[in-house]
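K.L.:
Below you'll find the structure I mean.
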Number of protein chains: 2
Amino acid sequence: MAEGNVSADELRLLIERIERLEEEKKGLGDDVKDVYGEAKARGYDPKTMRTIVRLRRMEKNARDEAEALLETYKAALGLG
Amino acid sequence: MAEGNVSADELRLLIERIERLEEEKKGLGDDVKDVYGEAKARGYDPKTMRTIVRLRRMEKNARDEAEALLETYKAALGLG
């Protein structure tokens with residue numbers, strides 16, 4: 001699109017779609033905070049839980065990577 | 001809850017709730033990226049759009065704050 005050749009309506013719709021998605025994201029972030037608050041109220045330590053969530057994510061990423069690599073090698077060698 | 005007095009099941013359920021919410025958040029983040037990609041394909045500049053989104057958010061926050069303050073003052077003075 002040439003500079004200055006902007007459809008205000010089209011642009012506004014795109015921006016509004018992004019803003020709605022960002023709003024939903026924010027809502028989910030608030031939900032996460034609520035769960036940590038609920039956990040704290042039940043006697044769990046949120047900080048330690050955040051560490052656990054991070055560790056589990058790292059483990060899952062490593063596992064996913066290993067699996068993807070295995071699939072690549074299998075495909076390269078024609079293994080089912 | 002005393003240290004060491006942790007219900008593994010309860011803790012796991014809390015962690016899993018957080019992980020599901022984080023997954024959904026990530027999905028929305030991907031959706032946002034898709035919209036920027038779509039906008040780019042239509043000739044809009046994603047970087048400028050991000051600036052617009054930020055400016056609109058700042059304006060909205062300022063407006064919300066001003067309204068909240070007005071409500072506080074009205075309530076303090078017994079105005080309807």
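Labels used: A, B, ... for chains in the order of the structure tokens, numbers from 1 for residues in each chain, and numbers from 1 for ligands as shown.
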Would you kindly report the residues of chain A within 12 Å of chain B, using only C-alpha atoms, as a PyMOL selection string?
P.N.:
chain A and resi 1-8+10-46+48-57+60
K.L.:
Assign secondary structure with DSSP using the backbone only, and return the residues of segment 2-61 of chain B in helix (DSSP H, G or I) as a PyMOL selection string.
P.N.:
chain B and resi 8-41+46-61
